[in-house]
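Chemist: Submitted below is the structure of interest, expressed as structure tokens.
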Protein chains: 2
Amino acid sequence: MNKADVLIDNGWVLTQNPAGTSYPVGFVAIAGDRIAAVGPAAEAGAWQAERRIDARGGLIMPGLVNAHTHAAMTCFRGLADDLPLMTWLNDHIFPAESRLKAEHVHLGTLLACAEMLLSGTTCFCDMYLFEDAVAEAAHAAGMRAVVGEVLYDFPSPNYGPIEDGFRYTEMLIDKWRDDPLMTIAVEPHSPYLCAPELLRKAAELAGSHAIPLVIHVSETVSEVETIRERYGHSPVQHLANLGVLAPNLLACHCVALDETDMDLLAASDVKVVHNPESNMKLASGIAPVPDLLARGICVALGTDGCASNNDLDMLGEMDTVAKLHKVATLDPTVVDAEAVLRMATIDGARALGLDDRIGSLEAGKQADLIVIDTRQPHLTPFYRPASHLVYAARGGDVTTTVVAGRILVENRRLTALDADDIMARMGELARTIGAQN
Amino acid sequence: MNKADVLIDNGWVLTQNPAGTSYPVGFVAIAGDRIAAVGPAAEAGAWQAERRIDARGGLIMPGLVNAHTHAAMTCFRGLADDLPLMTWLNDHIFPAESRLKAEHVHLGTLLACAEMLLSGTTCFCDMYLFEDAVAEAAHAAGMRAVVGEVLYDFPSPNYGPIEDGFRYTEMLIDKWRDDPLMTIAVEPHSPYLCAPELLRKAAELAGSHAIPLVIHVSETVSEVETIRERYGHSPVQHLANLGVLAPNLLACHCVALDETDMDLLAASDVKVVHNPESNMKLASGIAPVPDLLARGICVALGTDGCASNNDLDMLGEMDTVAKLHKVATLDPTVVDAEAVLRMATIDGARALGLDDRIGSLEAGKQADLIVIDTRQPHLTPFYRPASHLVYAARGGDVTTTVVAGRILVENRRLTALDADDIMARMGELARTIGAQN
């Protein structure tokens, strides 16, 4: 008899392994922070575990990877919507952000972690201010995260001048080096807020530590025009000229790309993060995802921040991405349910350089996984798991969330975070933010 | 002291009345099937009720109106997705529908009612086969519904030749005349499946009974081309020529409209039902909703059937409609949260000719209302109710659903339907459907 700490069984196991293996009735055995075994129900008997979680006929699958967000922007959820971009930014978001302190970012991230865990996200990639507070909050929540301080040419409310931004990033790299769940990234904001020298230096730093380089690229047509005026090239071509395109580059948004841009991204194995709901709400445009996928580019999925979404529900985002590209191309066959599932799991992991550890249910990988309750009217009947996950399931259908073997959500309730306390504290902060808005 | 049967209090009351009144802490008193009073917390003390429901700081609002669906298509949820339209229809949906019996439609509708009630929909407008079974199921569920048998030129699996389709519709009108929750409509499928004579006769029948006339119009560009080839005009202009455009006409989809079409719809006060998620998933196109709203046309919201959505979650649909038109027009100010809320409540009621009875919380109106739990991480903090309802809330956030004064969902559980039994029976039916697919 093999020993495990946790056995999750009696569910349809969607492994997302390279062969795309599914077990209609299967199990996952967890030992420590790792998956000890995955297989059909018939093999579950070989495992003895301290704890058993009955998936009750639901789905057992890898935890979702939110590959681009600004977690602490939960503070601004619903503060201002439906406004012209510059009004929204200049009159609402920037003033509110200018008053943010590290403790607010910590609280906002805790709230984001609560929301993400409850809706099946086990790993997120963050870009914001006071990222040490983000890492601390993710650590307290038990979540896996890729975090990096946003870098730009002007002084930061956190670190001040850009030289100190690099020092701060190196501090993060040093501080979190041995943490099993935290990855530090180097995160220049964008080609339009970062001078060539900043971008080169950021790429060098990321390269020297073999960590991700995260950047916003070509989010809007007007951004592309700005960069063309300034440098004579598109943002992607500008980054190519600077030697920044590389497999560790995570290019977020990539809405306004031309054919040359896409060829360049493919040639350098750059990873793209698609944020459909934010791009829709801000009227940024529709990223050419079918074209990116056709080139073999790894496309991950993100929610972006709560101010422009307004939630962190990856299952909702999965529904949107599948539908959006069908209507954008007038082709109902593009971005099918299976492609979306990969974007939200194994390709998200690959984009973050973590696919050797997470993104699929395979023996030896980290035990980051979720259980979805399919015995509900809106998930009945049950023909194909991928269809339900993409087109009908929502965050609230997640019953169990496990990160590195720790059960962080059980029976739809957080085990390690006090949601009531977090919500109460956020309510207080929001009264201040709302009054100043 | 005034007497009521039910008092719902301690919530933010969004009345959706003509003045757009909200009570940040308010109450609704229900007597029999009607709203007896709505007001601020300070006035709640004047009411004594048999039962009190504590909204716990959540939102109290009118029940959502799903203005276009094919409820029984829950049977086919997830059966086939991501296929070319004709493959999907001819190889999957039509063969499965050809084997449907009234009892399957009854079961599929019961499941749909369970899903809709749990996600805050209190009234739906249906078009399908065996609509007496739909009405019976809605009646059993306690839901408000507008139902009508689909009419077309070819023989129906239900009624046979079209003459019998009109007889069947008249039978429905007669049978359900005195039911307080049921409205029968006359429902010719579309200009492309209905000859001019059928359309004229349907309009006459609807007009003579002063009931809604429901039809699919201009769902795709190819449909518009077909009608142009056949009649020399767009579908809307064709309907105008036939004298069918009228305030009781509910034109579903309206994706492919030109300026003349929109002017004609506005001039005749035709009501439009927008089904964004289905139009996206089937790659039909994007209805010109901002243009319709600018013309003062009443636009309601629908999910369409589960085979092309794949859920009946109006709160999810509200999120989609708000975002879709922003990216379609590249204008983040169009179709704002308040406009979406009206589409899903009072304008849905108006589209169905029921706005004297439902769609807003006003004394004397039917007590169709819902409570939404906002004390959850994904709905925290709380700046503006409209923002949360449209951009962050989902069906699972509904805790209480009341139709005509009957509490049909309480603490997220159905009170009048046995969901486990319905799901088990649907599971059995789906095994047969899946095996034949």
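Following the order of the structure tokens, chains are lettered A, B, ..., residues in each are numbered from 1, and ligands are numbered from 1.
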Can you list, as JSON, numbers by chain, every protein, DNA or RNA residue that comes within 7 Å of Ala367 in chain B when you count only C-alpha atoms, leaving out same-chain residues fewer than 4 positions away?
Modeler: {"B": [30, 33, 34, 35, 402, 403, 404, 405]}
Chemist: Return as a tab-separated table the residues of chain A lying at most 6 Å from chain B, together with the closest atom-to-atom pair for each and the distance in Å to one decimal, counting only C-alpha atoms, with rows in chain order and ascending residue number.
Modeler:
```
residue	atom	partner	partner_atom	distance
A:Gly78	CA	B:Ser387	CA	5.4
A:Leu79	CA	B:Tyr383	CA	5.6
A:Asp82	CA	B:Thr333	CA	4.4
A:Leu83	CA	B:Thr333	CA	5.1
A:Pro84	CA	B:Pro332	CA	5.8
A:Glu115	CA	B:Pro377	CA	5.3
A:Met280	CA	B:Val327	CA	4.6
A:Lys281	CA	B:Lys323	CA	4.8
A:Leu282	CA	B:Pro332	CA	5.4
A:Ala283	CA	B:Val327	CA	4.2
A:Gly285	CA	B:Val327	CA	5.5
A:Asn310	CA	B:Tyr391	CA	5.4
A:Asp311	CA	B:Ala392	CA	5.5
A:Lys323	CA	B:Lys281	CA	4.7
A:Lys326	CA	B:Ala283	CA	5.0
A:Val327	CA	B:Ala283	CA	4.2
A:Leu330	CA	B:Ala283	CA	4.6
A:Asp331	CA	B:Ala283	CA	5.6
A:Pro332	CA	B:Ala283	CA	5.1
A:Thr333	CA	B:Asp82	CA	4.4
A:Asp336	CA	B:Asp82	CA	5.5
A:Pro377	CA	B:Glu115	CA	5.3
A:His378	CA	B:Glu115	CA	5.5
A:Pro381	CA	B:Gly427	CA	5.6
A:Tyr383	CA	B:Leu79	CA	5.7
A:Ser387	CA	B:Gly78	CA	5.4
A:Tyr391	CA	B:Asn310	CA	5.4
A:Ala392	CA	B:Asp311	CA	5.5
A:Gly427	CA	B:Pro381	CA	5.5
```
Chemist: Could you pull out the residues in range 117-349 of chain B that DSSP calls alpha helix (DSSP H) from the backbone, as number ranges by chain?
Modeler: B: 117-118, 131-141, 162-176, 196-209, 221-231, 235-241, 259-267, 276-281, 289-294, 314-329, 337-344, 346-349
Chemist: Keeping only C-alpha atoms, take the residues you just selected and write them out as a compact mmCIF listing (two decimals), in the first residue's frame.
Modeler:
```
# COMPACT_ATOMS: atom_id res chain seq x y z
CA LEU B 117 -34.41 30.72 -10.58
CA LEU B 118 -31.08 29.95 -8.91
CA GLU B 131 -44.70 24.64 -25.80
CA ASP B 132 -47.62 23.37 -23.76
CA ALA B 133 -45.02 21.23 -21.98
CA VAL B 134 -42.91 24.37 -21.50
CA ALA B 135 -45.87 26.19 -19.97
CA GLU B 136 -46.63 23.19 -17.74
CA ALA B 137 -43.02 23.06 -16.55
CA ALA B 138 -42.86 26.81 -15.90
CA HIS B 139 -46.16 26.50 -14.04
CA ALA B 140 -44.78 23.65 -11.93
CA ALA B 141 -41.69 25.76 -11.20
CA ILE B 162 -48.87 24.69 -40.21
CA GLU B 163 -52.69 24.96 -40.04
CA ASP B 164 -52.46 22.78 -36.95
CA GLY B 165 -49.71 25.04 -35.65
CA PHE B 166 -52.16 27.91 -35.55
CA ARG B 167 -54.75 25.63 -33.94
CA TYR B 168 -52.17 24.58 -31.35
CA THR B 169 -51.34 28.24 -30.64
CA GLU B 170 -55.04 29.02 -30.20
CA MET B 171 -55.34 26.04 -27.87
CA LEU B 172 -52.47 27.48 -25.79
CA ILE B 173 -54.12 30.89 -25.72
CA ASP B 174 -57.36 29.32 -24.56
CA LYS B 175 -55.83 26.95 -22.03
CA TRP B 176 -53.57 29.47 -20.30
CA PRO B 196 -45.43 35.82 -46.12
CA GLU B 197 -48.89 34.33 -45.59
CA LEU B 198 -47.78 32.61 -42.37
CA LEU B 199 -46.26 35.85 -41.08
CA ARG B 200 -49.38 37.88 -41.88
CA LYS B 201 -51.64 35.32 -40.23
CA ALA B 202 -49.41 35.16 -37.15
CA ALA B 203 -49.43 38.94 -36.82
CA GLU B 204 -53.20 38.98 -37.14
CA LEU B 205 -53.61 36.32 -34.47
CA ALA B 206 -51.28 38.13 -32.07
CA GLY B 207 -52.98 41.44 -32.78
CA SER B 208 -56.48 40.09 -32.26
CA HIS B 209 -55.52 38.76 -28.81
CA VAL B 221 -25.60 38.26 -42.70
CA SER B 222 -26.30 35.12 -44.74
CA GLU B 223 -29.92 35.16 -43.57
CA VAL B 224 -30.23 38.76 -44.73
CA GLU B 225 -28.80 37.78 -48.12
CA THR B 226 -31.27 34.91 -48.43
CA ILE B 227 -34.22 37.21 -47.76
CA ARG B 228 -32.86 39.85 -50.12
CA GLU B 229 -32.58 37.26 -52.90
CA ARG B 230 -36.05 35.93 -52.20
CA TYR B 231 -37.96 39.18 -51.63
CA PRO B 235 -35.77 40.93 -43.37
CA VAL B 236 -36.91 44.02 -41.44
CA GLN B 237 -38.05 45.78 -44.62
CA HIS B 238 -39.78 42.56 -45.69
CA LEU B 239 -41.65 42.48 -42.38
CA ALA B 240 -42.51 46.15 -42.77
CA ASN B 241 -43.94 45.47 -46.24
CA GLU B 259 -29.83 52.14 -40.99
CA THR B 260 -33.20 51.78 -42.74
CA ASP B 261 -33.95 48.66 -40.71
CA MET B 262 -33.23 50.49 -37.48
CA ASP B 263 -35.37 53.45 -38.48
CA LEU B 264 -38.24 51.11 -39.30
CA LEU B 265 -37.94 49.29 -35.97
CA ALA B 266 -37.91 52.62 -34.13
CA ALA B 267 -40.86 54.04 -36.07
CA PRO B 276 -24.75 38.58 -27.20
CA GLU B 277 -23.25 35.31 -25.97
CA SER B 278 -25.08 33.14 -28.45
CA ASN B 279 -24.27 35.55 -31.27
CA MET B 280 -20.62 35.36 -30.24
CA LYS B 281 -20.44 31.59 -29.85
CA VAL B 289 -27.01 47.89 -29.72
CA PRO B 290 -25.62 51.40 -29.18
CA ASP B 291 -27.33 52.50 -32.41
CA LEU B 292 -30.60 50.87 -31.35
CA LEU B 293 -30.47 52.52 -27.93
CA ALA B 294 -29.63 55.89 -29.52
CA MET B 314 -28.43 36.57 -17.07
CA LEU B 315 -25.84 38.17 -14.77
CA GLY B 316 -23.10 36.70 -16.95
CA GLU B 317 -24.93 37.92 -20.04
CA MET B 318 -25.09 41.42 -18.54
CA ASP B 319 -21.31 41.46 -18.14
CA THR B 320 -20.86 40.34 -21.72
CA VAL B 321 -23.21 42.88 -23.25
CA ALA B 322 -21.55 45.77 -21.43
CA LYS B 323 -18.07 44.74 -22.54
CA LEU B 324 -18.83 43.54 -26.04
CA HIS B 325 -20.15 46.82 -27.35
CA LYS B 326 -17.29 48.79 -25.89
CA VAL B 327 -14.74 46.77 -27.85
CA ALA B 328 -16.97 46.59 -30.92
CA THR B 329 -17.23 50.38 -31.09
CA ALA B 337 -23.87 49.49 -16.39
CA GLU B 338 -27.14 51.35 -15.83
CA ALA B 339 -28.27 50.74 -19.41
CA VAL B 340 -27.52 47.04 -19.04
CA LEU B 341 -29.49 46.85 -15.80
CA ARG B 342 -32.51 48.38 -17.54
CA MET B 343 -32.20 45.88 -20.40
CA ALA B 344 -32.28 43.00 -17.95
CA ILE B 346 -37.67 47.03 -16.83
CA ASP B 347 -36.91 47.02 -20.56
CA GLY B 348 -37.16 43.24 -20.63
CA ALA B 349 -40.57 43.60 -19.02
```
Chemist: What is the distance between CA of Gly11 in chain B and CA of Asp54 in chain B, in Å to one decimal?
Modeler: 7.7 Å
Chemist: Residues of range 24-235 of chain A in strand (DSSP E or B) according to DSSP, as a PyMOL selection string?
Modeler: chain A and resi 24-31+34-40+47-54+59-62+64-69+121-128+144-151+156+160+182-184+186-188+213-217
Chemist: Contacts of Asn10 in chain A at 12 Å or less, counting only C-alpha atoms, minus same-chain residues fewer than 3 places along, as a ChimeraX atom specification?
Modeler: /A:7,13,23-28,39-45,52-60,371-373
Chemist: Within 7 Å of Pro188 in chain B, counting only C-alpha atoms, which residues show up once you throw out same-chain ones fewer than 5 positions away? Write them as a list in words, please.
Modeler: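 Near neighbours after the sequence-gap exclusion: Val150, Leu151, Tyr152, Cys194, Leu199, Ala202, Val214 and Ile215 of chain B.
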Chemist: What separation in Å, quoted to one decimal, exists between CA of Asp126 in chain B and CA of Leu107 in chain B?
Modeler: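 Computed distance, CA of Asp126 in chain B to CA of Leu107 in chain B, equals 14.6 Å.
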Chemist: Measuring atom to atom with only C-alpha atoms, identify which of A:Thr345, A:Ser98, A:Asn411, A:Asn248 is nearest to Val270 in chain A.
Modeler: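 Residue with the minimum atom-to-atom distance to Val270 in chain A: A:Asn248.
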Chemist: When distances are computed from only C-alpha atoms, which of A:Ala31, A:Ala4, A:Ala416, A:Leu242 shows the smallest separation from Ala195 in chain A?
Modeler: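 Ranking A:Ala31, A:Ala4, A:Ala416, A:Leu242 by distance to Ala195 in chain A, first place goes to A:Leu242.
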Chemist: Figure out the distance between CA of Thr401 in chain B and CA of Ile370 in chain B, please, to one decimal in Å.
Modeler: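 Interatomic distance here is 4.5 Å.
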